[in-house]
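Here is the structure we will look at.
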Amino acid sequence: MSDLNMSEAVLKPQVTPQITPPVSAPTQSLNSIVRHNWNLKEVQALFAMPFSDLMFKAQTIHRENFNPNEVQVSTLLSIKTGACPEDCKYCSQSARNKTNLEKESLLAVDKVLEAAQRAKDMGSTRFCMGAAWRNPKERDMPYVLEMVKRVKAIGMETCMTLGMLSVEQAGRLNDAGLDYYNHNLDTSPEHYNQIITTRTFQDRLDTLGNVRSAGMKVCSGGIVGLGEKATDRASLLIQLANLSPQPESVPINMLVKVEGTPLANVEDLDSFDFIRCIAVARIMMPKSHVRLSAGRTAMNEQMQAMCFLAGANSIFYGCKLLTADNPETNQDMALFKKLGINTETVVDDSASTEQILNTAIVDQQHSDQFYNASA
Ligand code: SF4
């Protein structure tokens, strides 16, 4: 799996008490046509645009396809933590990296269901379950299939990230009712061997193909700040955008440097380069949810707001940690309130933002099972 230095995402949909003016029906321009033939030269030209021009273009396309003041939020739970045999150089969960992460075996189905129910009670509609595996073993399948069925049965959308999938496994997950499967490409094909050697770039594309053929929605993105070049960021986005269909969900992660991993001391990526990455992803994948994913703890509110302006419209929400610092759950709510952002699905439109904040804080104090989604 690839999204795994993340933790709790508790969620209560934000409902601002004021009446939001209706967003007029967007007019689709040629820029909103989904293309699968992007080439390096034109993507480099997007990255090279003056910052304000790039932001304007990205925001224009964003408004043609989405409500600009809504953000989709997901809850992510680690169902099996650490001791992963893969050698992803950024990851605290790789058995090859000497981090202080505490390993956990596969969670019992009942525990997963409890966590899902709690997330649902707080307003979450999608529950993502992640396991630090190269791929699920046959002995694991009955458990993960049961998790999917039971989480579905309480009325939530389901997502899993379990590593590589065979055609047969993808089919069984789809039959169990899994809605989304996350499998990131991580970085460009050119930079890939610097980051992972235990599975190939083609292995990743094959898994995405198996997921798509089975009928599930695809969540796939990458990580920036891995010491890659600017051309690698363009190349990664080309790989994602040229998938047909494009992934429904595209997480863009900023590297979270973890002590004990080979990338612990890599040079920081400039904030504007990260924001440009979000904007170019929005332009190239106009109808996908672009997720501002790992790395939010290192971003101040202004930077996160710029990312939303650049077209990010999804986050992992909340904050209990397994592996990294604890961002405050209520910080997201407070930022949403400041920015006038609502979550995409509103369950309880009678609750005030203050009530939601209080509930989120209480839940944070009692929860210990979620990834740090914003670290
Ligand atoms: S080491 Fe394992 S858990 Fe970590 S990103 Fe790679 S595959 Fe996922």
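Ligands are numbered from 1 in the order shown, chains are lettered A, B, ... in the order of the structure tokens, and residues start at 1 in each chain.
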
Set the distance at 8 Å and use only C-alpha atoms: which residues neighbour Ala241 of chain A once local chain neighbours fewer than 4 positions away are removed? I'd like the list as a list in words.
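In the requested format, the answer is Arg35, His36, Trp38, Leu237, Gln246, Pro247, Met284 and Met285 of chain A.
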
Ligand 1: which residues are within 10 Å, counting only C-alpha atoms and all ligand atoms, as JSON, numbers by chain?
{"A": [1, 2, 3, 4, 5, 80, 81, 82, 83, 84, 85, 86, 87, 88, 89, 90, 91, 92, 93, 94, 95, 96, 97, 130, 131, 132, 133, 134, 135, 161, 162, 163, 164, 183, 184, 186, 195, 196, 198, 199]}

Sel. of strand (DSSP E or B) residues, segment 73-213 of chain A, as a VMD selection string:
chain A and resid 73 to 81 84 94 104 126 to 131 157 to 161 180 to 182 186

Export of prior selection with N, CA and C atoms as a compact mmCIF listing (two decimals), in the first residue's frame:
# COMPACT_ATOMS: atom_id res chain seq x y z
N VAL A 73 -14.36 14.46 2.28
CA VAL A 73 -13.51 13.98 3.37
C VAL A 73 -13.69 12.48 3.57
N SER A 74 -12.59 11.83 3.83
CA SER A 74 -12.62 10.38 4.04
C SER A 74 -11.98 10.06 5.37
N THR A 75 -12.35 8.91 5.90
CA THR A 75 -11.77 8.40 7.14
C THR A 75 -10.91 7.19 6.81
N LEU A 76 -9.72 7.15 7.39
CA LEU A 76 -8.77 6.09 7.04
C LEU A 76 -8.31 5.36 8.28
N LEU A 77 -8.46 4.05 8.26
CA LEU A 77 -8.08 3.22 9.40
C LEU A 77 -6.98 2.23 9.00
N SER A 78 -5.96 2.10 9.84
CA SER A 78 -4.95 1.07 9.63
C SER A 78 -5.48 -0.25 10.17
N ILE A 79 -5.66 -1.23 9.27
CA ILE A 79 -6.15 -2.53 9.75
C ILE A 79 -4.99 -3.50 10.01
N LYS A 80 -3.80 -3.14 9.53
CA LYS A 80 -2.61 -3.95 9.81
C LYS A 80 -1.40 -3.03 9.65
N THR A 81 -0.61 -2.92 10.70
CA THR A 81 0.41 -1.87 10.75
C THR A 81 1.82 -2.44 10.82
N CYS A 84 6.11 -4.38 6.88
CA CYS A 84 5.83 -4.59 5.45
C CYS A 84 7.11 -5.05 4.76
N SER A 94 7.90 -0.01 6.41
CA SER A 94 8.75 -1.01 5.78
C SER A 94 9.62 -1.68 6.84
N GLU A 104 1.39 -3.98 14.34
CA GLU A 104 0.10 -4.53 14.78
C GLU A 104 -0.36 -5.54 13.76
N ARG A 126 -17.39 7.67 3.80
CA ARG A 126 -16.48 6.71 3.16
C ARG A 126 -15.44 6.26 4.17
N PHE A 127 -15.22 4.95 4.23
CA PHE A 127 -14.30 4.39 5.20
C PHE A 127 -13.20 3.64 4.45
N CYS A 128 -11.95 4.11 4.64
CA CYS A 128 -10.81 3.52 3.94
C CYS A 128 -10.02 2.65 4.90
N MET A 129 -9.72 1.44 4.48
CA MET A 129 -8.99 0.49 5.35
C MET A 129 -7.67 0.15 4.67
N GLY A 130 -6.56 0.33 5.42
CA GLY A 130 -5.25 0.12 4.82
C GLY A 130 -4.43 -0.91 5.56
N ALA A 131 -3.75 -1.78 4.81
CA ALA A 131 -2.89 -2.79 5.42
C ALA A 131 -1.50 -2.71 4.80
N GLU A 157 -19.62 4.03 2.19
CA GLU A 157 -18.78 3.68 1.05
C GLU A 157 -17.52 3.04 1.59
N THR A 158 -16.96 2.11 0.82
CA THR A 158 -15.76 1.42 1.30
C THR A 158 -14.59 1.64 0.35
N CYS A 159 -13.39 1.71 0.95
CA CYS A 159 -12.15 1.82 0.18
C CYS A 159 -11.11 0.97 0.89
N MET A 160 -10.25 0.32 0.11
CA MET A 160 -9.15 -0.44 0.73
C MET A 160 -7.85 -0.15 0.01
N THR A 161 -6.74 -0.27 0.76
CA THR A 161 -5.42 -0.22 0.16
C THR A 161 -4.61 -1.33 0.82
N TYR A 180 -13.96 1.58 -3.75
CA TYR A 180 -12.71 2.19 -4.23
C TYR A 180 -11.54 1.31 -3.83
N TYR A 181 -10.50 1.31 -4.66
CA TYR A 181 -9.23 0.69 -4.26
C TYR A 181 -8.13 1.72 -4.46
N ASN A 182 -7.33 1.93 -3.40
CA ASN A 182 -6.20 2.88 -3.49
C ASN A 182 -4.92 2.12 -3.80
N ASP A 186 3.11 6.49 -6.86
CA ASP A 186 4.19 7.03 -6.02
C ASP A 186 5.01 8.11 -6.71

With distances taken over only C-alpha atoms, which of A:Thr231, A:Asn100, A:Asn253, A:Ser52 is nearest to Leu309 of chain A?
A:Ser52

What is the distance between atom CA of Ala234 of chain A and atom CA of Pro189 of chain A, in Å to one decimal?
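Separation between atom CA of Ala234 of chain A and atom CA of Pro189 of chain A: 11.0 Å.
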
Counting only C-alpha atoms, what is within 8 Å of Leu255 of chain A, bar same-chain residues fewer than 3 positions away, as a count of residues only?
7

Quote the spacing between atom CA of Leu185 of chain A and atom CA of Arg204 of chain A in Å to one decimal place.
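A separation of 6.3 Å between them.
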
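Taking the backbone of this structure through DSSP, the residues of segment 262-311 of chain A that come out as alpha helix (DSSP H) are Ser271, Phe272, Asp273, Phe274, Ile275, Arg276, Cys277, Ile278, Ala279, Val280, Ala281, Arg282, Ile283, Met284, Glu301, Gln302, Met303, Gln304, Ala305, Met306, Cys307, Phe308 and Leu309 of chain A.
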
Taking 3 positions as the minimum chain separation for residues in the same chain, which residues sit within 10 Å of Ser166 of chain A when counting only C-alpha atoms? Answer as a list in words.
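These residues fall inside the cut-off: Asn135, Pro136, Gln169, Ala170, Gly171, Arg172, Asp206, Thr207, Leu208, Gly209, Asn210 and Val211 of chain A.
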
Give me, as a VMD selection string, all polymer residues having an atom no more than 12 Å from Met49 of chain A, counting only C-alpha atoms and skipping those fewer than 6 positions away in the same chain.
chain A and resid 42 to 43 55 to 58 273 276 to 277 279 to 280

Using only C-alpha atoms, which residue out of A:Val258, A:Val167, A:Ile275, A:Val144 lies closest to Lys98 of chain A?
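Selected residue with least distance to Lys98 of chain A: A:Val258.
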
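Across the model, the gap from atom CA of Gly311 of chain A to atom CA of Asn69 of chain A is 10.3 Å.
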
Nearest to Arg150 of chain A among A:Leu243, A:Met122, A:Met303, A:Ala116, with distances taken over only C-alpha atoms: which residue is it?
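Selected residue with least distance to Arg150 of chain A: A:Ala116.
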
With a distance cut-off of 8 Å and only C-alpha atoms, select the neighbouring residues of Ile315 of chain A, excluding the residue or stretch itself and same-chain residues fewer than 3 positions from it, and output the selection as a list in words.
Val71, Gln72, Val73, Ser74, Arg291, Leu292 and Ser293 of chain A

How about saving the chosen residues, C-alpha atoms kept, as a PDB file, in the first residue's frame?
ATOM      1  CA  VAL A  71     -14.304  19.354   0.049  1.00  0.00           C
ATOM      2  CA  GLN A  72     -14.772  15.596   0.194  1.00  0.00           C
ATOM      3  CA  VAL A  73     -13.508  13.983   3.374  1.00  0.00           C
ATOM      4  CA  SER A  74     -12.616  10.381   4.036  1.00  0.00           C
ATOM      5  CA  ARG A 291      -6.768  14.926  -2.581  1.00  0.00           C
ATOM      6  CA  LEU A 292      -4.522  17.072  -0.429  1.00  0.00           C
ATOM      7  CA  SER A 293      -3.155  14.079   1.355  1.00  0.00           C
TER       8      SER A 293
END

Selection near Phe66 of chain A, 12 Å with only C-alpha atoms, sequence-local residues under 2 positions removed, as a count of residues only:
31
